[in-house]
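K.L.:
Below you'll find the structure I mean.
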Amino acid sequence: MISIVLALLVGMLFATGTYLLLRRDPIKLVLGFTLLSYGINFVLFSASRMTRGIPPVVADKETFAGDISTFVDPLPQALILTAIVISFGVTAFLVVLINRRNALVEQQTAKAEETSVIPINDPFADAGYYGPDFDKDPDDYEWLEYSLSDERRRDVAARKNKGAKS
Amino acid sequence: MTIGPNWLAAPIVIPLLAAALGLPFVRWGRRGAAAWQRRLTLLGALANLVVALMLLRATLGGSRLVLQMGNWPAPFGITVVADGLTAIMLSFAGLLTLATVFYAMGTLDQRARMNYFPLVMFLLMGVNGAFLAGDLFNLYVFFEVLLMASFALLTLGGQISQINGGIRYVILNLVASSMFLAAAGATYGTLGTLNMAHVAERMPYAPISVQTLIAGLLLVAFGSKSGLFPLFFWLPSSYHTPHPSVTALFAGLLTKVGIYTLFRIYPLIFPGYLTEWQPFIFIIAGLTMLIGVFGSMAVYTLRRVLSFHIISQVGYMLMGLGLAGSLNPTLAVFGLAAGMTMMAHNIIVKSALLMASGAAELEVGSGSLLRSQLGGLSRRRPALTILFFIAAMSLAGLPPSSGFVGKLALLQSAAQGQYWTIAAVSLIVSFMTLMSMVRLWQKAFWGQPTEPIYPTTPLSRPRSKLLTLAPITALVVLSLGIGIFAAPVFRGFTVAAQQVMDREGYIQAVAPTDEITFAGANHGE
């Protein structure tokens, strides 16, 4: 019974995750990937046995009389833990990528696509956007930070002013 | 000098140390950090190559090295295995990494200060770990290590085209990793083990449906990582975006890890499916070759063209795996050895080509074949042009080069097994590769020289010129060397292929047990 419920759950997670992965919206992409990795974790979980009330813990192996083969296998849970950590890290990276892309697209839509991939003299093609001249100040990492668009910067400034007044 | 199994940990530990020790230097300013990281990375890459060559010498006699971590018997601990194929791949990967580090020292821009060198070492650690892993879950973990490093390298610099390519690359690899993990889960749930030797031992007792499921999932997962036919689209959309040194490294290492895993898992765990699915594998291989070479005709940037050629070359390697499924054991070994030769050939030649074309792109500031800037490089940079020409002819498979050896061996074994269709396809694709190389030659190197538009280029300063051209020369010379000394080299590959096909030998070497028994277990009683 439990295994049927688990199978349905995994199927639902996979279906939803795949559907979301195929959407255009980047947030849905992240959500879809998260659901997919949950589904995988449940698949791994189902590799241990689906029994209730028999933890794989033996207080004293000399006096233990039960049947070891009915235990839940603890190893898949260790595997799941590793898989969770990895998928968490990758999801974080994906979120950063999408965030960075949004910031860039907001800044310069058409031009960025056309600029040469290979740096010409300036390594990152458009010195105007990327801030100070890199060669003059090599340790300046300003240009790596996501800069907000002018509109949003204005919004933030307006909000600050409002807060200061009230 | 003999080498014990404990040395098997070195190809994982050395890059890890080189990367991790380099990171704290960021504290003392990024310019100084880059210098220290570079030194450490050079040292690490050299040490790694030396260990890999020692392992190669130890295993090519026909022996296997097995390290059971912490002396736990096989299915319970972490097993690290090296045989001929592993050692060959470790050596070529180590060599390529060393060449790329030199190339990066010559060409790299400000990205050198963004921890480029530690990332390369992390990538090498993941690649080496995937070559050495003796169980499915560690294979997954090392794949993730190399993928994380490759994600960061691919998007290093943060241009929008890089990020667009990077997102596709990340998503496709995540889905493929998920499938691999699902296969690992199904394997553990059915067989109760993840150790490859143990899985190979127990797989025949699993229900047929489960066997098919696992074999199919693994084929899809590693097929998409290595850019096989329906799942290749991420490769040409991302490989041309990063710095040329990154592209060269990826072209040499990443797709080959996927193919290596197929070479390792299928003969070991699913020998039956290798035979049963042989027509299917041949169809995928043929379509991969064709689509790669057709794609390369349709794009107009130097590195995009070469990215499509990576795909068509992966098709040749898969053809070797398909030949390994034939029932005649001699033919199977010969075909597998041919596929492995193609793999080694590709690691060096494809990277040499991408390094040369990357240098050309840096030289003129554009890789577009449509604009007239690229033309006439043959007069301005004759050394680079000669290197590109030799590498291109090696890729097309002209003698005397490593490409000729690999393709000849593949064709011979295909003809011997009377697989005429795939033989014909591979010949046609070979011819079209030559055509595509000639097209690159005409558009990029031949013609009237144009005035250099950009004052400082990597090839105009003597030091960076040496650092850029020397690694390409080394790789090209190695390719020619494999072509000239084809007989002893191919004999080595055949020994390795015999080891890969020898399932019982692998299982005996790892010796998985069903229960833990080790000396000193009753110590306290």
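Quick note on naming: the chains in the structure tokens go A, B, ... in the order shown, residues restart at 1 in each chain, and ligands are numbered from 1 in order of appearance.
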Find the residues in chain B near chain A: any atom within 6 Å counts, using only C-alpha atoms. Write them as a PyMOL selection string.

P.N.:
chain B and resi 182+185+189+241+365

K.L.:
Please, which residues of segment 17-168 of chain B, numbered as in this document, come out strand (DSSP E) from DSSP, as a PyMOL selection string?

P.N.:
chain B and resi 65-68+79-82

K.L.:
Considering only C-alpha atoms, return as a PyMOL selection string whatever protein or nucleic-acid residues lie within 7 Å of segment 313-322 of chain B, sequence-local ones (same chain, fewer than 5 positions apart) excluded.

P.N.:
chain B and resi 263+278+281-282+285-286+288-289+335-336+338-340+342-343+410

K.L.:
So that I can see what lies close to Ser430 of chain B, please list as a list in words the residues with an atom at most 9 Å from it, counting only C-alpha atoms and leaving out residues fewer than 6 positions away in the same chain.

P.N.:
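Counting only the stated atoms, we get Val293, Leu395, Ala396, Gly397 and Lys407 of chain B.
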
K.L.:
One decimal, Å: what's the distance from atom CA of Gly129 of chain B over to atom CA of Gly252 of chain B, could you say?

P.N.:
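Between these atoms lies a distance of 16.2 Å.
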
K.L.:
Excluding Val477 of chain B and its own-chain neighbours fewer than 2 positions away, which residues fall within 10 Å of it when counting only C-alpha atoms? Please give them as a PDB file with N, CA and C atoms, in the first residue's frame.

P.N.:
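The result, stored in around-v6.pdb:
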```pdb
ATOM      1  N   ILE B 348      43.385  14.794 -27.799  1.00  0.00           N
ATOM      2  CA  ILE B 348      44.505  15.676 -28.129  1.00  0.00           C
ATOM      3  C   ILE B 348      44.213  16.540 -29.346  1.00  0.00           C
ATOM      4  N   VAL B 349      43.642  15.935 -30.398  1.00  0.00           N
ATOM      5  CA  VAL B 349      43.527  16.683 -31.651  1.00  0.00           C
ATOM      6  C   VAL B 349      42.442  17.747 -31.579  1.00  0.00           C
ATOM      7  N   LEU B 387      50.212  24.649 -37.647  1.00  0.00           N
ATOM      8  CA  LEU B 387      49.687  23.803 -36.575  1.00  0.00           C
ATOM      9  C   LEU B 387      48.223  23.484 -36.809  1.00  0.00           C
ATOM     10  N   ILE B 390      47.849  20.878 -39.670  1.00  0.00           N
ATOM     11  CA  ILE B 390      48.157  19.483 -39.319  1.00  0.00           C
ATOM     12  C   ILE B 390      47.050  18.903 -38.442  1.00  0.00           C
ATOM     13  N   ALA B 391      46.592  19.712 -37.460  1.00  0.00           N
ATOM     14  CA  ALA B 391      45.538  19.211 -36.575  1.00  0.00           C
ATOM     15  C   ALA B 391      44.268  18.940 -37.362  1.00  0.00           C
ATOM     16  N   SER B 401      48.644  10.268 -39.061  1.00  0.00           N
ATOM     17  CA  SER B 401      48.180  10.941 -37.851  1.00  0.00           C
ATOM     18  C   SER B 401      47.359   9.959 -37.036  1.00  0.00           C
ATOM     19  N   PRO B 471      52.059  24.487 -26.386  1.00  0.00           N
ATOM     20  CA  PRO B 471      51.163  23.354 -26.093  1.00  0.00           C
ATOM     21  C   PRO B 471      50.483  22.797 -27.337  1.00  0.00           C
ATOM     22  N   ILE B 472      50.110  23.680 -28.286  1.00  0.00           N
ATOM     23  CA  ILE B 472      49.484  23.169 -29.515  1.00  0.00           C
ATOM     24  C   ILE B 472      50.477  22.280 -30.249  1.00  0.00           C
ATOM     25  N   THR B 473      51.740  22.750 -30.315  1.00  0.00           N
ATOM     26  CA  THR B 473      52.757  21.957 -30.997  1.00  0.00           C
ATOM     27  C   THR B 473      52.911  20.599 -30.330  1.00  0.00           C
ATOM     28  N   ALA B 474      52.952  20.596 -28.989  1.00  0.00           N
ATOM     29  CA  ALA B 474      53.127  19.324 -28.281  1.00  0.00           C
ATOM     30  C   ALA B 474      51.996  18.361 -28.623  1.00  0.00           C
ATOM     31  N   LEU B 475      50.751  18.867 -28.622  1.00  0.00           N
ATOM     32  CA  LEU B 475      49.613  17.984 -28.893  1.00  0.00           C
ATOM     33  C   LEU B 475      49.657  17.476 -30.326  1.00  0.00           C
ATOM     34  N   SER B 479      50.004  13.657 -31.715  1.00  0.00           N
ATOM     35  CA  SER B 479      49.085  13.035 -32.671  1.00  0.00           C
ATOM     36  C   SER B 479      49.847  12.393 -33.818  1.00  0.00           C
ATOM     37  N   LEU B 480      50.846  13.101 -34.343  1.00  0.00           N
ATOM     38  CA  LEU B 480      51.655  12.533 -35.423  1.00  0.00           C
ATOM     39  C   LEU B 480      52.434  11.323 -34.916  1.00  0.00           C
ATOM     40  N   GLY B 481      52.914  11.412 -33.653  1.00  0.00           N
ATOM     41  CA  GLY B 481      53.664  10.295 -33.086  1.00  0.00           C
ATOM     42  C   GLY B 481      52.812   9.043 -32.999  1.00  0.00           C
ATOM     43  N   ILE B 482      51.549   9.216 -32.563  1.00  0.00           N
ATOM     44  CA  ILE B 482      50.650   8.054 -32.504  1.00  0.00           C
ATOM     45  C   ILE B 482      50.457   7.496 -33.900  1.00  0.00           C
ATOM     46  N   GLY B 483      50.374   8.385 -34.890  1.00  0.00           N
ATOM     47  CA  GLY B 483      50.190   7.918 -36.263  1.00  0.00           C
ATOM     48  C   GLY B 483      51.399   7.166 -36.778  1.00  0.00           C
TER      49      GLY B 483
END
```

K.L.:
Enumerate the residues of segment 350-441 of chain B with a DSSP assignment of helix (DSSP H, G or I), computed from the backbone, and present them as a VMD selection string.

P.N.:
chain B and resid 350 to 364 372 to 374 377 to 380 382 to 396 402 to 416 420 to 441

K.L.:
Rank B:Ile311, B:Leu153, B:Val50, B:Leu194 by their smallest atom-to-atom distance to Phe122 of chain B, using only C-alpha atoms, and report the top residue only.

P.N.:
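Smallest distance to Phe122 of chain B is found for B:Leu153.
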
K.L.:
Skipping near chain neighbours, those fewer than 5 positions away, what residues fall within 9 Å of Leu287 of chain B using only C-alpha atoms, listed as a ChimeraX atom specification?

P.N.:
/B:228-230,282,292,312,315,425

K.L.:
Residues near Phe71 of chain A, anyone? I mean within 12 Å using only C-alpha atoms, not counting same-chain ones fewer than 3 positions away, as a PyMOL selection string.

P.N.:
chain A and resi 48-58+66-68+74-75

K.L.:
Please produce an output containing N, CA and C atoms for each residue in the selection, written as a CSV table (one decimal), in the first residue's frame.

P.N.:
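Result file again.csv:
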```csv
chain,number,residue,atom,x,y,z
A,48,SER,N,15.3,1.5,-0.2
A,48,SER,CA,15.2,0.8,1.1
A,48,SER,C,13.8,0.2,1.3
A,49,ARG,N,13.7,-0.6,2.2
A,49,ARG,CA,12.4,-1.3,2.3
A,49,ARG,C,11.3,-0.5,2.9
A,50,MET,N,10.1,-0.6,2.5
A,50,MET,CA,9.0,0.2,3.0
A,50,MET,C,8.3,-0.6,4.1
A,51,THR,N,9.0,-0.6,5.3
A,51,THR,CA,8.4,-1.2,6.5
A,51,THR,C,8.3,-0.2,7.6
A,52,ARG,N,7.3,-0.4,8.4
A,52,ARG,CA,7.1,0.6,9.5
A,52,ARG,C,7.5,0.0,10.8
A,53,GLY,N,8.0,0.8,11.7
A,53,GLY,CA,8.3,0.4,13.1
A,53,GLY,C,9.4,-0.6,13.3
A,54,ILE,N,10.3,-0.8,12.3
A,54,ILE,CA,11.4,-1.6,12.5
A,54,ILE,C,12.7,-0.8,12.1
A,55,PRO,N,13.1,0.0,13.0
A,55,PRO,CA,14.3,0.8,12.7
A,55,PRO,C,15.6,-0.1,12.7
A,56,PRO,N,16.5,0.3,11.9
A,56,PRO,CA,17.7,-0.6,11.8
A,56,PRO,C,18.7,-0.3,12.9
A,57,VAL,N,18.2,-0.5,14.1
A,57,VAL,CA,19.0,-0.2,15.3
A,57,VAL,C,18.9,-1.4,16.2
A,58,VAL,N,20.1,-2.0,16.6
A,58,VAL,CA,20.1,-3.1,17.5
A,58,VAL,C,20.8,-2.7,18.8
A,66,GLY,N,15.5,-11.0,16.7
A,66,GLY,CA,14.6,-10.8,15.5
A,66,GLY,C,15.3,-11.1,14.2
A,67,ASP,N,14.6,-10.9,13.2
A,67,ASP,CA,15.1,-11.2,11.8
A,67,ASP,C,15.7,-10.0,11.2
A,68,ILE,N,17.0,-10.0,11.0
A,68,ILE,CA,17.7,-8.8,10.4
A,68,ILE,C,17.1,-8.4,9.0
A,74,PRO,N,19.4,1.4,5.8
A,74,PRO,CA,19.7,2.8,6.1
A,74,PRO,C,20.5,3.4,5.0
A,75,LEU,N,21.2,2.6,4.1
A,75,LEU,CA,22.1,3.2,3.2
A,75,LEU,C,21.5,4.2,2.2
```

K.L.:
Given the choices A:Leu9, A:Val96, A:Ala158, A:Ala78, which gets closest to Phe137 of chain B if the distance is worked out from only C-alpha atoms?

P.N.:
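Among A:Leu9, A:Val96, A:Ala158, A:Ala78, it is A:Ala78 that comes nearest to Phe137 of chain B.
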
K.L.:
Report the distance between atom CA of Arg463 of chain B and atom CA of Leu249 of chain B in Å, rounded to one decimal place.

P.N.:
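We find that atom CA of Arg463 of chain B and atom CA of Leu249 of chain B lie 21.6 Å from each other.
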
K.L.:
Compare B:Leu147, B:Ala104, B:Leu8, B:Val438 by their minimum atom-to-atom distance to Met393 of chain B, counting only C-alpha atoms, and give me the closest one.

P.N.:
B:Val438

K.L.:
For Leu362 of chain B, which residue out of B:Leu98, B:Val429, B:Leu374, B:Leu60 is the nearest one, using only C-alpha atoms?

P.N.:
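Closest to Leu362 of chain B, using only C-alpha atoms: B:Leu374.
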